[in-house]
>>> print(open('start_1.cif').read())   # mmCIF, C-alpha atoms
data_run
loop_
_atom_site.label_atom_id
_atom_site.label_comp_id
_atom_site.auth_asym_id
_atom_site.auth_seq_id
_atom_site.Cartn_x
_atom_site.Cartn_y
_atom_site.Cartn_z
CA MET A 1 -27.65 -8.30 -79.75
CA PRO A 2 -24.67 -5.93 -79.27
CA PHE A 3 -24.38 -3.93 -76.06
CA ARG A 4 -22.39 -0.84 -75.14
CA VAL A 5 -20.93 0.10 -71.78
CA GLU A 6 -21.49 3.45 -70.12
CA ASP A 7 -19.12 6.41 -70.23
CA THR A 8 -16.54 6.43 -67.45
CA PHE A 9 -16.10 8.85 -64.58
CA ARG A 10 -13.03 10.09 -66.47
CA ASP A 11 -15.34 11.10 -69.31
CA ALA A 12 -17.78 12.75 -66.91
CA LEU A 13 -15.01 14.85 -65.36
CA ALA A 14 -13.69 15.86 -68.77
CA GLN A 15 -17.14 16.95 -69.94
CA ALA A 16 -18.23 18.70 -66.73
CA ASP A 17 -18.48 22.48 -66.51
CA ARG A 18 -18.63 22.40 -62.68
CA PRO A 19 -17.38 20.19 -59.85
CA LEU A 20 -19.21 16.87 -59.50
CA ALA A 21 -20.92 16.20 -56.17
CA GLY A 22 -21.42 12.71 -54.81
CA MET A 23 -22.01 10.59 -51.72
CA TRP A 24 -20.84 7.37 -50.13
CA VAL A 25 -22.99 4.24 -50.34
CA CYS A 26 -21.84 2.10 -47.42
CA SER A 27 -24.92 0.17 -46.31
CA GLY A 28 -24.45 -2.78 -48.65
CA SER A 29 -28.13 -2.48 -49.61
CA PRO A 30 -29.19 -2.42 -53.27
CA LEU A 31 -32.42 -0.67 -52.23
CA VAL A 32 -30.52 2.12 -50.48
CA ALA A 33 -28.14 2.35 -53.44
CA GLU A 34 -31.11 2.79 -55.77
CA LEU A 35 -32.61 5.46 -53.52
CA CYS A 36 -29.33 7.36 -53.63
CA ALA A 37 -29.02 6.88 -57.39
CA GLY A 38 -32.24 8.80 -57.93
CA SER A 39 -31.22 11.71 -55.72
CA GLY A 40 -29.89 13.99 -58.44
CA LEU A 41 -26.28 13.72 -57.31
CA ASP A 42 -23.59 13.29 -59.96
CA TRP A 43 -21.88 10.20 -58.59
CA LEU A 44 -21.94 7.50 -55.94
CA LEU A 45 -19.06 5.75 -54.24
CA VAL A 46 -19.88 2.17 -53.29
CA ASP A 47 -17.37 1.30 -50.59
CA ALA A 48 -15.91 -2.12 -49.79
CA GLU A 49 -12.95 -0.98 -47.70
CA HIS A 50 -14.85 -0.01 -44.55
CA SER A 51 -18.30 -1.37 -45.39
CA PRO A 52 -19.99 -4.81 -45.47
CA ASN A 53 -19.71 -5.31 -49.21
CA GLY A 54 -18.67 -8.46 -51.03
CA LEU A 55 -18.79 -9.35 -54.72
CA GLU A 56 -22.46 -10.34 -54.64
CA SER A 57 -23.65 -7.17 -52.90
CA ILE A 58 -21.57 -4.96 -55.18
CA LEU A 59 -23.06 -6.69 -58.21
CA ALA A 60 -26.58 -6.18 -56.86
CA GLN A 61 -25.89 -2.49 -56.26
CA LEU A 62 -24.47 -2.01 -59.76
CA GLN A 63 -27.66 -3.55 -61.14
CA ALA A 64 -29.86 -1.38 -58.90
CA ILE A 65 -28.07 1.82 -59.87
CA HIS A 66 -27.88 1.03 -63.59
CA GLY A 67 -30.28 3.14 -65.62
CA TYR A 68 -30.18 6.13 -63.31
CA PRO A 69 -28.34 9.29 -64.47
CA VAL A 70 -25.47 8.88 -62.03
CA HIS A 71 -21.90 7.62 -62.24
CA THR A 72 -20.82 4.80 -59.93
CA MET A 73 -17.35 4.43 -58.49
CA VAL A 74 -16.37 1.43 -56.36
CA ARG A 75 -13.61 1.28 -53.78
CA PRO A 76 -12.08 -2.17 -53.23
CA PRO A 77 -10.66 -3.03 -49.82
CA VAL A 78 -7.08 -3.20 -51.08
CA ASN A 79 -4.86 -2.43 -54.05
CA ASP A 80 -4.66 -6.04 -55.17
CA THR A 81 -4.45 -7.49 -58.69
CA VAL A 82 -6.86 -10.37 -58.04
CA VAL A 83 -9.44 -8.23 -56.23
CA ILE A 84 -9.34 -5.60 -58.95
CA LYS A 85 -9.75 -8.30 -61.63
CA GLN A 86 -12.87 -9.57 -59.89
CA TYR A 87 -14.35 -6.08 -59.59
CA LEU A 88 -13.70 -5.32 -63.25
CA ASP A 89 -15.26 -8.60 -64.36
CA LEU A 90 -18.36 -7.74 -62.30
CA GLY A 91 -18.75 -4.67 -64.47
CA VAL A 92 -17.18 -2.04 -62.23
CA GLN A 93 -15.95 0.68 -64.57
CA ASN A 94 -14.69 3.29 -62.14
CA LEU A 95 -12.28 2.27 -59.41
CA LEU A 96 -11.07 4.22 -56.39
CA ILE A 97 -7.93 2.46 -55.18
CA PRO A 98 -7.21 3.06 -51.48
CA MET A 99 -3.90 3.75 -49.75
CA VAL A 100 -1.76 4.48 -52.81
CA ASN A 101 1.45 5.82 -51.30
CA SER A 102 3.98 5.66 -54.14
CA VAL A 103 4.53 5.64 -57.88
CA ALA A 104 5.05 1.88 -57.77
CA GLU A 105 1.69 1.32 -56.05
CA ALA A 106 -0.08 3.62 -58.52
CA ALA A 107 1.51 1.81 -61.46
CA ALA A 108 0.46 -1.54 -59.98
CA ALA A 109 -3.13 -0.35 -59.69
CA VAL A 110 -3.19 0.69 -63.33
CA ALA A 111 -1.52 -2.56 -64.46
CA ALA A 112 -4.24 -4.53 -62.69
CA THR A 113 -6.84 -2.89 -64.95
CA ARG A 114 -5.01 -3.54 -68.24
CA TYR A 115 -4.84 -6.72 -70.27
CA PRO A 116 -1.36 -7.89 -71.37
CA PRO A 117 0.93 -6.61 -72.70
CA GLN A 118 0.03 -3.26 -71.09
CA GLY A 119 -0.84 -4.88 -67.76
CA VAL A 120 -1.64 -8.05 -65.88
CA ARG A 121 -5.44 -8.31 -65.88
CA GLY A 122 -6.61 -11.88 -66.34
CA VAL A 123 -8.68 -12.56 -69.45
CA GLY A 124 -12.17 -13.88 -68.81
CA SER A 125 -14.48 -11.62 -70.78
CA ALA A 126 -16.61 -14.48 -72.11
CA LEU A 127 -17.55 -15.29 -68.51
CA ALA A 128 -17.90 -11.72 -67.26
CA ARG A 129 -20.58 -9.08 -66.92
CA ALA A 130 -17.97 -6.46 -67.87
CA ALA A 131 -18.21 -7.58 -71.50
CA ARG A 132 -21.86 -8.59 -71.10
CA TRP A 133 -20.64 -12.12 -71.76
CA ASN A 134 -18.99 -11.10 -75.06
CA ARG A 135 -21.99 -9.05 -76.18
CA VAL A 136 -19.97 -5.81 -76.07
CA PRO A 137 -18.27 -5.59 -79.48
CA ASP A 138 -14.45 -5.67 -79.39
CA TYR A 139 -14.40 -5.53 -75.59
CA LEU A 140 -10.87 -6.94 -75.26
CA ALA A 141 -9.45 -4.34 -77.63
CA ARG A 142 -11.45 -1.49 -76.11
CA ALA A 143 -11.46 -2.44 -72.44
CA ASN A 144 -9.14 0.40 -71.40
CA GLU A 145 -11.66 2.91 -72.74
CA THR A 146 -14.33 1.51 -70.42
CA ILE A 147 -12.35 1.86 -67.17
CA SER A 148 -11.22 4.82 -65.09
CA VAL A 149 -8.67 4.65 -62.28
CA THR A 150 -8.63 7.10 -59.39
CA VAL A 151 -6.02 6.60 -56.69
CA GLN A 152 -6.45 7.69 -53.11
CA ILE A 153 -3.95 10.02 -51.45
CA GLU A 154 -4.33 9.51 -47.71
CA SER A 155 -0.92 9.51 -46.04
CA THR A 156 2.04 11.82 -45.60
CA ALA A 157 4.04 9.54 -47.92
CA ALA A 158 1.38 9.88 -50.63
CA VAL A 159 1.28 13.68 -50.24
CA ALA A 160 5.08 13.79 -50.61
CA ALA A 161 4.86 11.64 -53.76
CA VAL A 162 1.69 13.13 -55.25
CA LYS A 163 3.39 15.01 -58.09
CA ASP A 164 5.03 11.80 -59.31
CA ILE A 165 1.91 9.72 -58.74
CA LEU A 166 0.01 12.13 -60.98
CA LYS A 167 2.52 11.43 -63.77
CA VAL A 168 1.71 7.71 -63.86
CA ASP A 169 0.09 6.86 -67.18
CA GLY A 170 -3.39 5.51 -66.58
CA VAL A 171 -4.00 7.36 -63.33
CA ASP A 172 -7.02 9.42 -64.34
CA ALA A 173 -7.51 11.33 -61.08
CA VAL A 174 -6.52 11.48 -57.44
CA PHE A 175 -8.83 11.57 -54.44
CA ILE A 176 -7.66 12.86 -51.07
CA GLY A 177 -8.89 11.21 -47.87
CA PRO A 178 -8.46 13.71 -45.02
CA SER A 179 -9.32 11.25 -42.24
CA ASP A 180 -6.48 8.80 -42.84
CA LEU A 181 -4.24 11.67 -43.87
CA ALA A 182 -4.85 13.36 -40.52
CA ALA A 183 -4.07 10.11 -38.71
CA SER A 184 -0.79 9.73 -40.59
CA MET A 185 0.11 13.29 -39.54
CA GLY A 186 -0.43 12.48 -35.88
CA LEU A 187 -3.78 14.31 -35.90
CA LEU A 188 -6.21 11.41 -35.56
CA GLY A 189 -9.80 12.60 -35.84
CA GLN A 190 -8.75 16.15 -36.75
CA GLN A 191 -9.39 16.25 -40.49
CA GLU A 192 -10.33 19.96 -40.19
CA HIS A 193 -6.90 20.83 -38.72
CA PRO A 194 -5.12 23.63 -40.65
CA GLU A 195 -2.14 21.36 -41.39
CA VAL A 196 -4.43 18.73 -42.88
CA ARG A 197 -6.21 21.34 -44.98
CA ALA A 198 -2.84 22.63 -46.19
CA ALA A 199 -1.80 19.12 -47.23
CA VAL A 200 -5.07 18.65 -49.14
CA ASP A 201 -4.61 22.04 -50.81
CA HIS A 202 -1.08 21.00 -51.84
CA CYS A 203 -2.51 17.93 -53.58
CA LEU A 204 -5.21 19.97 -55.30
CA SER A 205 -2.57 22.38 -56.61
CA ALA A 206 -0.35 19.52 -57.78
CA ALA A 207 -3.24 17.98 -59.70
CA ALA A 208 -4.10 21.29 -61.33
CA ALA A 209 -0.49 21.71 -62.42
CA ALA A 210 -0.51 18.17 -63.85
CA GLY A 211 -3.78 18.75 -65.70
CA LYS A 212 -5.57 15.93 -63.88
CA PRO A 213 -8.72 16.12 -61.74
CA ALA A 214 -8.55 15.88 -57.97
CA GLY A 215 -11.34 15.11 -55.54
CA VAL A 216 -11.73 15.15 -51.78
CA ASN A 217 -13.96 13.86 -49.02
CA ALA A 218 -15.58 16.76 -47.14
CA PHE A 219 -18.75 16.31 -45.10
CA HIS A 220 -18.60 19.72 -43.42
CA PRO A 221 -20.16 22.35 -45.73
CA ASP A 222 -17.53 25.02 -44.98
CA THR A 223 -14.74 22.54 -45.66
CA ALA A 224 -16.39 21.44 -48.89
CA LYS A 225 -16.67 25.07 -50.01
CA HIS A 226 -13.01 25.63 -49.17
CA TYR A 227 -11.81 22.69 -51.25
CA LEU A 228 -14.11 23.53 -54.14
CA ALA A 229 -12.72 27.07 -54.13
CA ASN A 230 -9.21 25.60 -54.20
CA GLY A 231 -9.76 23.48 -57.28
CA ALA A 232 -11.47 20.24 -56.29
CA GLY A 233 -13.12 18.82 -59.41
CA PHE A 234 -15.23 16.28 -57.55
CA ILE A 235 -16.28 15.85 -53.96
CA LEU A 236 -18.08 13.52 -51.57
CA VAL A 237 -20.39 15.38 -49.21
CA GLY A 238 -22.28 12.68 -47.32
CA ALA A 239 -22.92 8.99 -46.75
CA ASP A 240 -26.05 6.89 -46.66
CA VAL A 241 -25.26 5.44 -43.24
CA ALA A 242 -24.38 8.84 -41.76
CA ILE A 243 -27.60 10.38 -43.05
CA LEU A 244 -29.63 7.54 -41.55
CA ALA A 245 -27.75 7.64 -38.25
CA ARG A 246 -28.09 11.40 -37.76
CA GLY A 247 -31.68 11.44 -39.02
CA SER A 248 -32.81 8.66 -36.69
CA GLU A 249 -31.02 10.32 -33.76
CA ALA A 250 -32.86 13.55 -34.52
CA LEU A 251 -36.18 11.70 -34.43
CA ALA A 252 -35.30 10.13 -31.09
CA ALA A 253 -34.30 13.50 -29.64
CA LYS A 254 -37.53 15.05 -30.86
CA TYR A 255 -40.03 12.45 -29.71
CA ILE A 256 -38.55 10.49 -26.79
CA LYS A 257 -38.75 11.87 -23.27
CA PRO A 258 -35.22 12.36 -21.91
CA ALA A 259 -34.11 10.21 -18.98
CA GLY A 260 -34.43 12.07 -15.68
CA GLY A 261 -37.36 14.21 -16.66
CA GLY A 262 -38.02 17.03 -19.05
CA THR A 263 -39.95 16.91 -22.26
CA PRO A 264 -38.89 16.66 -25.88
CA ALA A 265 -39.05 19.94 -27.75
CA SER A 266 -41.96 18.69 -29.85
CA TYR A 267 -44.25 17.94 -26.88
#
>>> encode(input="start_1.cif", output="structure tokens")
Amino acid sequence: MPFRVEDTFRDALAQADRPLAGMWVCSGSPLVAELCAGSGLDWLLVDAEHSPNGLESILAQLQAIHGYPVHTMVRPPVNDTVVIKQYLDLGVQNLLIPMVNSVAEAAAAVAATRYPPQGVRGVGSALARAARWNRVPDYLARANETISVTVQIESTAAVAAVKDILKVDGVDAVFIGPSDLAASMGLLGQQEHPEVRAAVDHCLSAAAAAGKPAGVNAFHPDTAKHYLANGAGFILVGADVAILARGSEALAAKYIKPAGGGTPASY
């Protein structure tokens, strides 16, 4: 029985008539991933750089999300050929590669997703979910069509090189991370700082000039609106763990008597 793989995030961006809104999935839970998949958002980012995700939990989340009308991107912990090979063989189609600071690092990320002679991806499709164990017709010849590569701009070096990074063949989009960018600018924890916003805007303009999509992380609604107005084609506006943390804190503040007296507002 022949199978087909889903369209990529590259395809979704090309077909979209508006910016695509998404959220982080950081809990490592397939159940939470499935809850988020049914939210109505356009895309989910399953994170393995700062979250407790290994190959098995990523696989389980891909399976939980599959079938919902949402695109899934996965961020590996590092721009590494072996790690990327493993993610692709799991069936990850859309990769967000962290900490890409130069043309050479962007080219290496792309090469890791391509079979020889275009790249260095190891061949194991008969053993891999990516090809549905060789049930996807002509997978080896068509593999490039099934994968999108987004590289993350999150340092002053990356901002300085962004125009050249955007020229790398196989880089489908860039995604700006204001938190690490702020840190690299000596503004740790100040991702709303005007200089950080200006650097993000510079990257958005560079992407527009190159004809490639650019996305950005922006949890604050006013910041999200600013970047959308300045050309962001996709955006992350929340995270499963942050929603749970703030929501549970709100419940505690509402129903638990404060230490030292007083009453919760709901009493």
>>> residues_around(input="start_1.cif", residues="stretch 99-107 of chain A", least_positions_apart="6", cutoff="6 Å", atoms="only C-alpha atoms", output="PDB file with C-alpha atoms, in the coordinates of the input")
ATOM      1  CA  GLN A 152      -6.450   7.690 -53.110  1.00  0.00           C
ATOM      2  CA  ALA A 157       4.040   9.540 -47.920  1.00  0.00           C
ATOM      3  CA  ALA A 158       1.380   9.880 -50.630  1.00  0.00           C
ATOM      4  CA  ILE A 165       1.910   9.720 -58.740  1.00  0.00           C
TER       5      ILE A 165
END
>>> atom_distance(input="start_1.cif", atom1="atom CA of A:Val46", atom2="atom CA of A:Met73")
6.2 Å
>>> residues_near_point(input="start_1.cif", point="(-9.9, 12.5, -41.8)", cutoff="9 Å", atoms="all atoms listed in the file", output="ChimeraX atom specification")
/A:154,177-183,187-192,196,217-218
>>> residues_around(input="start_1.cif", residues="A:Leu204", least_positions_apart="3", cutoff="8 Å", atoms="all atoms listed in the file", output="list of chain:residue names")
A:Val200, A:Asp201, A:Ala207, A:Ala208, A:Ala214, A:Gly215, A:Asn230, A:Gly231, A:Ala232
>>> resolve_selection(input="start_1.cif", expression="the PyMOL selection byres ((chain A and resi 40) around 12)", output="PyMOL selection string")
chain A and resi 20-23+34-39+41-44+68-71
>>> closest_residue(input="start_1.cif", among="A:Val92, A:Ala252, A:Val32, A:Val241", to="A:Ser51", atoms="only C-alpha atoms")
A:Val241
>>> atom_distance(input="start_1.cif", atom1="atom CA of A:Asp80", atom2="atom CA of A:Tyr139")
22.6 Å
>>> residues_around(input="start_1.cif", residues="A:Trp24", least_positions_apart="4", cutoff="8 Å", atoms="only C-alpha atoms", output="mmCIF file with C-alpha atoms, in the coordinates of the input")
data_model
loop_
_atom_site.group_PDB
_atom_site.id
_atom_site.type_symbol
_atom_site.label_atom_id
_atom_site.label_comp_id
_atom_site.auth_asym_id
_atom_site.auth_seq_id
_atom_site.Cartn_x
_atom_site.Cartn_y
_atom_site.Cartn_z
ATOM 1 C CA LEU A 44 -21.940 7.500 -55.940
ATOM 2 C CA LEU A 45 -19.060 5.750 -54.240
ATOM 3 C CA VAL A 46 -19.880 2.170 -53.290
ATOM 4 C CA ASP A 47 -17.370 1.300 -50.590
ATOM 5 C CA LEU A 236 -18.080 13.520 -51.570
ATOM 6 C CA GLY A 238 -22.280 12.680 -47.320
ATOM 7 C CA ALA A 239 -22.920 8.990 -46.750
ATOM 8 C CA ASP A 240 -26.050 6.890 -46.660
#
>>> closest_residue(input="start_1.cif", among="A:Val174, A:Gly67, A:Pro76, A:Leu13", to="A:Pro52", atoms="only C-alpha atoms")
A:Pro76
>>> residues_around(input="start_1.cif", residues="A:Gly170", least_positions_apart="3", cutoff="10 Å", atoms="all atoms listed in the file", output="list in words")
Ala106, Ala107, Ala109, Val110, Ala111, Thr113, Arg114, Asn144, Ile147, Ser148, Val149, Thr150, Leu166, Lys167 and Ala173 of chain A
>>> closest_residue(input="start_1.cif", among="A:Ser125, A:Gly54, A:Val5, A:Val171", to="A:Gln93", atoms="all atoms listed in the file")
A:Val5
>>> closest_residue(input="start_1.cif", among="A:Ala64, A:Ile256, A:Ile153, A:Ala141", to="A:Val216", atoms="all atoms listed in the file")
A:Ile153
>>> atom_distance(input="start_1.cif", atom1="atom CA of A:Ala161", atom2="atom CA of A:Cys203")
9.7 Å
>>> closest_residue(input="start_1.cif", among="A:Leu88, A:Leu31, A:Val168, A:Val83", to="A:Gln63", atoms="all atoms listed in the file")
A:Leu31
>>> axis_aligned_box(input="start_1.cif", around="stretch 252-261 of chain A", padding_each_side="4 Å", output="lines of an AutoDock Vina configuration file")
center_x = -37.1
center_y = 12.6
center_z = -23.4
size_x = 13.9
size_y = 12.9
size_z = 23.4
>>> closest_residue(input="start_1.cif", among="A:Pro19, A:Gly211, A:Pro77, A:Pro221", to="A:Asp172", atoms="all atoms listed in the file")
A:Gly211
>>> build_atoms(input="start_1.cif", residues="stretch 209-220 of chain A", atoms="all heavy atoms", output="short mmCIF file (atom, residue, chain, number, x, y, z; two decimals), in the coordinates of the input")
data_model
loop_
_atom_site.label_atom_id
_atom_site.label_comp_id
_atom_site.auth_asym_id
_atom_site.auth_seq_id
_atom_site.Cartn_x
_atom_site.Cartn_y
_atom_site.Cartn_z
N ALA A 209 -1.71 21.50 -61.64
CA ALA A 209 -0.49 21.71 -62.42
C ALA A 209 -0.25 20.55 -63.39
O ALA A 209 0.29 20.74 -64.48
CB ALA A 209 0.71 21.85 -61.49
N ALA A 210 -0.69 19.35 -63.00
CA ALA A 210 -0.51 18.17 -63.85
C ALA A 210 -1.62 18.03 -64.88
O ALA A 210 -1.55 17.15 -65.75
CB ALA A 210 -0.45 16.91 -62.98
N GLY A 211 -2.66 18.83 -64.77
CA GLY A 211 -3.78 18.75 -65.70
C GLY A 211 -4.67 17.55 -65.46
O GLY A 211 -5.35 17.07 -66.38
N LYS A 212 -4.70 17.06 -64.22
CA LYS A 212 -5.57 15.93 -63.88
C LYS A 212 -6.54 16.35 -62.78
O LYS A 212 -6.21 17.17 -61.93
CB LYS A 212 -4.74 14.72 -63.43
CG LYS A 212 -3.98 14.06 -64.58
CD LYS A 212 -3.32 12.76 -64.13
CE LYS A 212 -2.62 12.07 -65.30
NZ LYS A 212 -1.97 10.81 -64.88
N PRO A 213 -7.73 15.76 -62.76
CA PRO A 213 -8.72 16.12 -61.74
C PRO A 213 -8.31 15.59 -60.36
O PRO A 213 -7.66 14.55 -60.24
CB PRO A 213 -10.00 15.44 -62.21
CG PRO A 213 -9.75 15.02 -63.62
CD PRO A 213 -8.28 14.81 -63.74
N ALA A 214 -8.74 16.31 -59.34
CA ALA A 214 -8.55 15.88 -57.97
C ALA A 214 -9.85 16.03 -57.22
O ALA A 214 -10.58 17.00 -57.42
CB ALA A 214 -7.45 16.69 -57.29
N GLY A 215 -10.14 15.05 -56.36
CA GLY A 215 -11.34 15.11 -55.54
C GLY A 215 -10.98 14.99 -54.08
O GLY A 215 -9.83 14.71 -53.71
N VAL A 216 -11.98 15.19 -53.21
CA VAL A 216 -11.73 15.15 -51.78
C VAL A 216 -13.01 14.80 -51.05
O VAL A 216 -14.11 15.09 -51.52
CB VAL A 216 -11.14 16.49 -51.29
CG1 VAL A 216 -12.13 17.62 -51.47
CG2 VAL A 216 -10.65 16.40 -49.85
N ASN A 217 -12.85 14.17 -49.90
CA ASN A 217 -13.96 13.86 -49.02
C ASN A 217 -14.14 15.03 -48.06
O ASN A 217 -13.20 15.43 -47.38
CB ASN A 217 -13.66 12.58 -48.25
CG ASN A 217 -14.85 12.02 -47.53
OD1 ASN A 217 -15.90 11.84 -48.14
ND2 ASN A 217 -14.71 11.73 -46.25
N ALA A 218 -15.35 15.60 -47.99
CA ALA A 218 -15.58 16.76 -47.14
C ALA A 218 -17.04 16.83 -46.75
O ALA A 218 -17.87 17.35 -47.50
CB ALA A 218 -15.15 18.04 -47.86
N PHE A 219 -17.37 16.31 -45.56
CA PHE A 219 -18.75 16.31 -45.10
C PHE A 219 -19.18 17.67 -44.56
O PHE A 219 -20.36 18.00 -44.59
CB PHE A 219 -18.96 15.25 -44.03
CG PHE A 219 -19.06 13.84 -44.56
CD1 PHE A 219 -18.65 13.52 -45.84
CD2 PHE A 219 -19.56 12.82 -43.76
CE1 PHE A 219 -18.73 12.23 -46.33
CE2 PHE A 219 -19.66 11.52 -44.23
CZ PHE A 219 -19.25 11.22 -45.51
N HIS A 220 -18.26 18.42 -43.99
CA HIS A 220 -18.60 19.72 -43.42
C HIS A 220 -18.77 20.74 -44.55
O HIS A 220 -17.87 20.91 -45.38
CB HIS A 220 -17.52 20.19 -42.45
CG HIS A 220 -17.92 21.33 -41.58
ND1 HIS A 220 -18.03 22.63 -42.07
CD2 HIS A 220 -18.27 21.39 -40.27
CE1 HIS A 220 -18.41 23.43 -41.09
NE2 HIS A 220 -18.57 22.70 -39.99
#
